[in-house]
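K.L.:
Submitted below is the structure of interest, expressed as structure tokens.
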Amino acid sequence: MKGTERAKWKEERLAQMLAKLKGRDFRLTPQRLAILTILAGSEEHPTVDEIYTEVRNKFPTTSIATVYKTIALLKELNEVLELGFPDGSNRYDGNRPYPHPHVICMKCRKILDPEIASVDQLSEEMKNKTGYTISSHRLDFFGLCPECQHNS
């Protein structure tokens with residue numbers, strides 16, 4: 001996405017998140033707004049600690065509980081996608097809060113969201129082969145990013 005498209009998308013995501021929270025009568029403090037802004041605009045899939053650190057730079061009295069509670073509510077409202085990892089370093093995607101593929105560097109932990117058109121076809125094929133009703137999916141590819149390959 002180009003810069004102007006990216007900025008527009010970030011504004012739209014933030015507006016969608018705010019609308020859902022207002023519909024639940026969720027008190028919107030400046031700290032919570034900062035959390036939403038980070039999640040709506042980040043392509044980096046931040047951890048709770050990364051979000052907490054960034055919010056505390058502007059609002060030093062923010063508690064980590066505020067970050068966890070806000071993320072939990074956003075997950076409940078399907079406005080953030082949680083990427084869980086065995087080591088507990090969960091990452092969050094508020095930019096694209098729906099199932100989509102990720103490619104994850106095993107060395108630097110960078111996560112990208114490649115556009116892969118055939119994912120919808122894969123879900124349909126799984127449904128047809130298994131008889132399951134597919135309600136969600138998670139498709140992750142693990143490897144080394146070009147930068148880590150170069151530095152190895």
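Labeling convention for the structure tokens: chains A, B, ... as they appear, residues from 1 per chain, ligands from 1 in order of appearance.
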Quick one: which segment 66-130 of chain A residues come within 12 Å of segment 11-30 of chain A, and what is the nearest atom pair for each with the distance in Å to one decimal, counting only C-alpha atoms, rows ordered by chain and ascending number, as a tab-separated table?
P.N.:
```
residue	atom	partner	partner_atom	distance
A:Thr66	CA	A:Thr29	CA	10.1
A:Val67	CA	A:Thr29	CA	11.8
A:Lys69	CA	A:Phe26	CA	11.1
A:Thr70	CA	A:Phe26	CA	9.5
A:Ile71	CA	A:Met17	CA	11.2
A:Ala72	CA	A:Leu21	CA	12.0
A:Leu73	CA	A:Leu21	CA	8.4
A:Leu74	CA	A:Met17	CA	7.7
A:Lys75	CA	A:Met17	CA	10.8
A:Glu76	CA	A:Lys20	CA	10.5
A:Leu77	CA	A:Lys20	CA	7.1
A:Asn78	CA	A:Met17	CA	9.4
A:Glu79	CA	A:Met17	CA	6.3
A:Val80	CA	A:Met17	CA	9.0
A:Asp93	CA	A:Arg13	CA	11.3
A:Gly94	CA	A:Arg13	CA	7.9
A:Asn95	CA	A:Arg13	CA	6.8
A:Arg96	CA	A:Arg13	CA	8.7
A:Pro97	CA	A:Arg13	CA	9.6
```
K.L.:
DSSP on the backbone: what in chain A comes out helix (DSSP H, G or I), as JSON, numbers by chain?
P.N.:
{"A": [3, 4, 5, 6, 7, 8, 9, 10, 11, 12, 13, 14, 15, 16, 17, 18, 19, 20, 21, 22, 23, 30, 31, 32, 33, 34, 35, 36, 37, 38, 39, 40, 41, 48, 49, 50, 51, 52, 53, 54, 55, 56, 57, 58, 64, 65, 66, 67, 68, 69, 70, 71, 72, 73, 74, 75, 76, 119, 120, 121, 122, 123, 124, 125, 126, 127, 128, 129, 130, 146, 147, 148, 149, 150, 151]}
K.L.:
Find the spatial neighbours of segment 54-61 of chain A, counting only C-alpha atoms, within a cut-off of 10 Å - ignore same-chain residues fewer than 4 positions away - and output them as a short mmCIF file (atom, residue, chain, number, x, y, z; two decimals) with N, CA and C atoms, in the first residue's frame.
P.N.:
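Saved the output as out05.cif:
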```
data_model
loop_
_atom_site.label_atom_id
_atom_site.label_comp_id
_atom_site.auth_asym_id
_atom_site.auth_seq_id
_atom_site.Cartn_x
_atom_site.Cartn_y
_atom_site.Cartn_z
N PRO A 30 -7.72 8.06 27.09
CA PRO A 30 -6.63 8.34 26.15
C PRO A 30 -5.66 7.16 26.01
N GLN A 31 -5.44 6.42 27.11
CA GLN A 31 -4.55 5.26 27.06
C GLN A 31 -5.13 4.16 26.16
N ARG A 32 -6.41 3.92 26.30
CA ARG A 32 -7.05 2.90 25.46
C ARG A 32 -7.08 3.33 24.00
N LEU A 33 -7.30 4.61 23.76
CA LEU A 33 -7.26 5.11 22.39
C LEU A 33 -5.86 4.92 21.80
N ALA A 34 -4.83 5.11 22.61
CA ALA A 34 -3.46 4.89 22.14
C ALA A 34 -3.24 3.42 21.77
N ILE A 35 -3.79 2.51 22.56
CA ILE A 35 -3.68 1.07 22.27
C ILE A 35 -4.35 0.76 20.94
N THR A 37 -4.96 2.79 18.47
CA THR A 37 -4.21 3.42 17.38
C THR A 37 -3.01 2.57 17.00
N ILE A 38 -2.31 2.05 17.98
CA ILE A 38 -1.16 1.18 17.70
C ILE A 38 -1.61 -0.06 16.95
N VAL A 48 2.18 -7.71 23.56
CA VAL A 48 1.61 -6.87 24.62
C VAL A 48 2.68 -5.95 25.19
N ASP A 49 3.87 -6.49 25.42
CA ASP A 49 4.96 -5.68 25.99
C ASP A 49 5.34 -4.52 25.07
N GLU A 50 5.36 -4.75 23.77
CA GLU A 50 5.68 -3.68 22.83
C GLU A 50 4.60 -2.60 22.84
N VAL A 67 -3.69 -2.77 28.95
CA VAL A 67 -3.38 -3.31 27.61
C VAL A 67 -4.04 -4.67 27.45
#
```
K.L.:
Quick one: of A:Leu83, A:Tyr92, A:His150, A:Phe141, who's nearest to Leu36 of chain A, counting only C-alpha atoms?
P.N.:
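Among the listed residues, the smallest separation from Leu36 of chain A belongs to A:Tyr92.
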K.L.:
Return as a PyMOL selection string the full set of residues in chain A whose backbone-based DSSP assignment is strand (DSSP E).
P.N.:
chain A and resi 81-83+91-93+102-105+111-112+140-143
K.L.:
How would the residues just picked look written out with C-alpha atoms as a PDB file, in the first residue's frame?
P.N.:
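part_35.pdb, written as the output of this step:
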```
ATOM      1  CA  LEU A  81      -6.287 -11.338  15.630  1.00  0.00           C
ATOM      2  CA  GLU A  82      -4.072 -13.099  18.171  1.00  0.00           C
ATOM      3  CA  LEU A  83      -1.136 -15.093  16.868  1.00  0.00           C
ATOM      4  CA  ARG A  91       1.513 -11.161  18.728  1.00  0.00           C
ATOM      5  CA  TYR A  92      -1.518  -9.108  17.727  1.00  0.00           C
ATOM      6  CA  ASP A  93      -2.868  -7.975  14.382  1.00  0.00           C
ATOM      7  CA  HIS A 102       1.584 -15.137   7.736  1.00  0.00           C
ATOM      8  CA  VAL A 103       5.226 -15.705   6.963  1.00  0.00           C
ATOM      9  CA  ILE A 104       7.390 -15.638  10.088  1.00  0.00           C
ATOM     10  CA  CYS A 105      11.164 -15.332  10.332  1.00  0.00           C
ATOM     11  CA  ILE A 111       5.967 -11.326  10.509  1.00  0.00           C
ATOM     12  CA  LEU A 112       4.598 -10.426   7.082  1.00  0.00           C
ATOM     13  CA  ASP A 140       1.728 -19.775   9.019  1.00  0.00           C
ATOM     14  CA  PHE A 141       4.905 -20.281   7.036  1.00  0.00           C
ATOM     15  CA  PHE A 142       8.199 -20.327   8.942  1.00  0.00           C
ATOM     16  CA  GLY A 143      11.634 -19.623   7.527  1.00  0.00           C
TER      17      GLY A 143
END
```
K.L.:
Ranking A:Trp9, A:Asp120, A:Lys110, A:Gly41 by minimum distance to Leu144 of chain A and counting only C-alpha atoms, which one comes first?
P.N.:
A:Lys110
K.L.:
Write out as an MDAnalysis selection string which residues come within 12 Å of Ile134 of chain A when counting only C-alpha atoms, dropping same-chain ones fewer than 5 positions away.
P.N.:
chainID A and resid 99 120:129
K.L.:
Filtering to N, CA and C atoms, could you give me those residues as an mmCIF file, in the first residue's frame?
P.N.:
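Saved the output as result_29.cif:
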```
data_model
loop_
_atom_site.group_PDB
_atom_site.id
_atom_site.type_symbol
_atom_site.label_atom_id
_atom_site.label_comp_id
_atom_site.auth_asym_id
_atom_site.auth_seq_id
_atom_site.Cartn_x
_atom_site.Cartn_y
_atom_site.Cartn_z
ATOM 1 N N PRO A 99 -8.705 -14.175 9.708
ATOM 2 C CA PRO A 99 -7.704 -15.185 9.351
ATOM 3 C C PRO A 99 -7.071 -14.906 7.989
ATOM 4 N N ASP A 120 -8.640 -18.915 0.247
ATOM 5 C CA ASP A 120 -10.074 -19.188 0.287
ATOM 6 C C ASP A 120 -10.392 -20.520 -0.383
ATOM 7 N N GLN A 121 -9.700 -20.821 -1.459
ATOM 8 C CA GLN A 121 -9.895 -22.096 -2.143
ATOM 9 C C GLN A 121 -9.451 -23.250 -1.245
ATOM 10 N N LEU A 122 -8.379 -23.049 -0.489
ATOM 11 C CA LEU A 122 -7.885 -24.068 0.425
ATOM 12 C C LEU A 122 -8.919 -24.366 1.513
ATOM 13 N N SER A 123 -9.554 -23.336 2.065
ATOM 14 C CA SER A 123 -10.601 -23.540 3.075
ATOM 15 C C SER A 123 -11.758 -24.341 2.496
ATOM 16 N N GLU A 124 -12.148 -24.011 1.305
ATOM 17 C CA GLU A 124 -13.243 -24.727 0.648
ATOM 18 C C GLU A 124 -12.858 -26.185 0.391
ATOM 19 N N GLU A 125 -11.619 -26.407 -0.037
ATOM 20 C CA GLU A 125 -11.149 -27.777 -0.274
ATOM 21 C C GLU A 125 -11.139 -28.578 1.029
ATOM 22 N N MET A 126 -10.706 -27.963 2.132
ATOM 23 C CA MET A 126 -10.707 -28.646 3.425
ATOM 24 C C MET A 126 -12.133 -29.029 3.821
ATOM 25 N N LYS A 127 -13.062 -28.129 3.597
ATOM 26 C CA LYS A 127 -14.462 -28.388 3.908
ATOM 27 C C LYS A 127 -14.966 -29.581 3.093
ATOM 28 N N ASN A 128 -14.668 -29.563 1.798
ATOM 29 C CA ASN A 128 -15.133 -30.628 0.916
ATOM 30 C C ASN A 128 -14.508 -31.978 1.258
ATOM 31 N N LYS A 129 -13.233 -31.997 1.632
ATOM 32 C CA LYS A 129 -12.549 -33.260 1.912
ATOM 33 C C LYS A 129 -12.886 -33.835 3.283
#
```
K.L.:
Could you jot down the atom CA of Pro46 of chain A to atom CA of Pro114 of chain A separation for me, Å, one decimal place?
P.N.:
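The value is 17.2 Å.
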K.L.:
Between atom CA of Thr130 of chain A and atom CA of His100 of chain A, what distance in Å does the model show, to one decimal?
P.N.:
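Separation of atom CA of Thr130 of chain A and atom CA of His100 of chain A: 20.6 Å.
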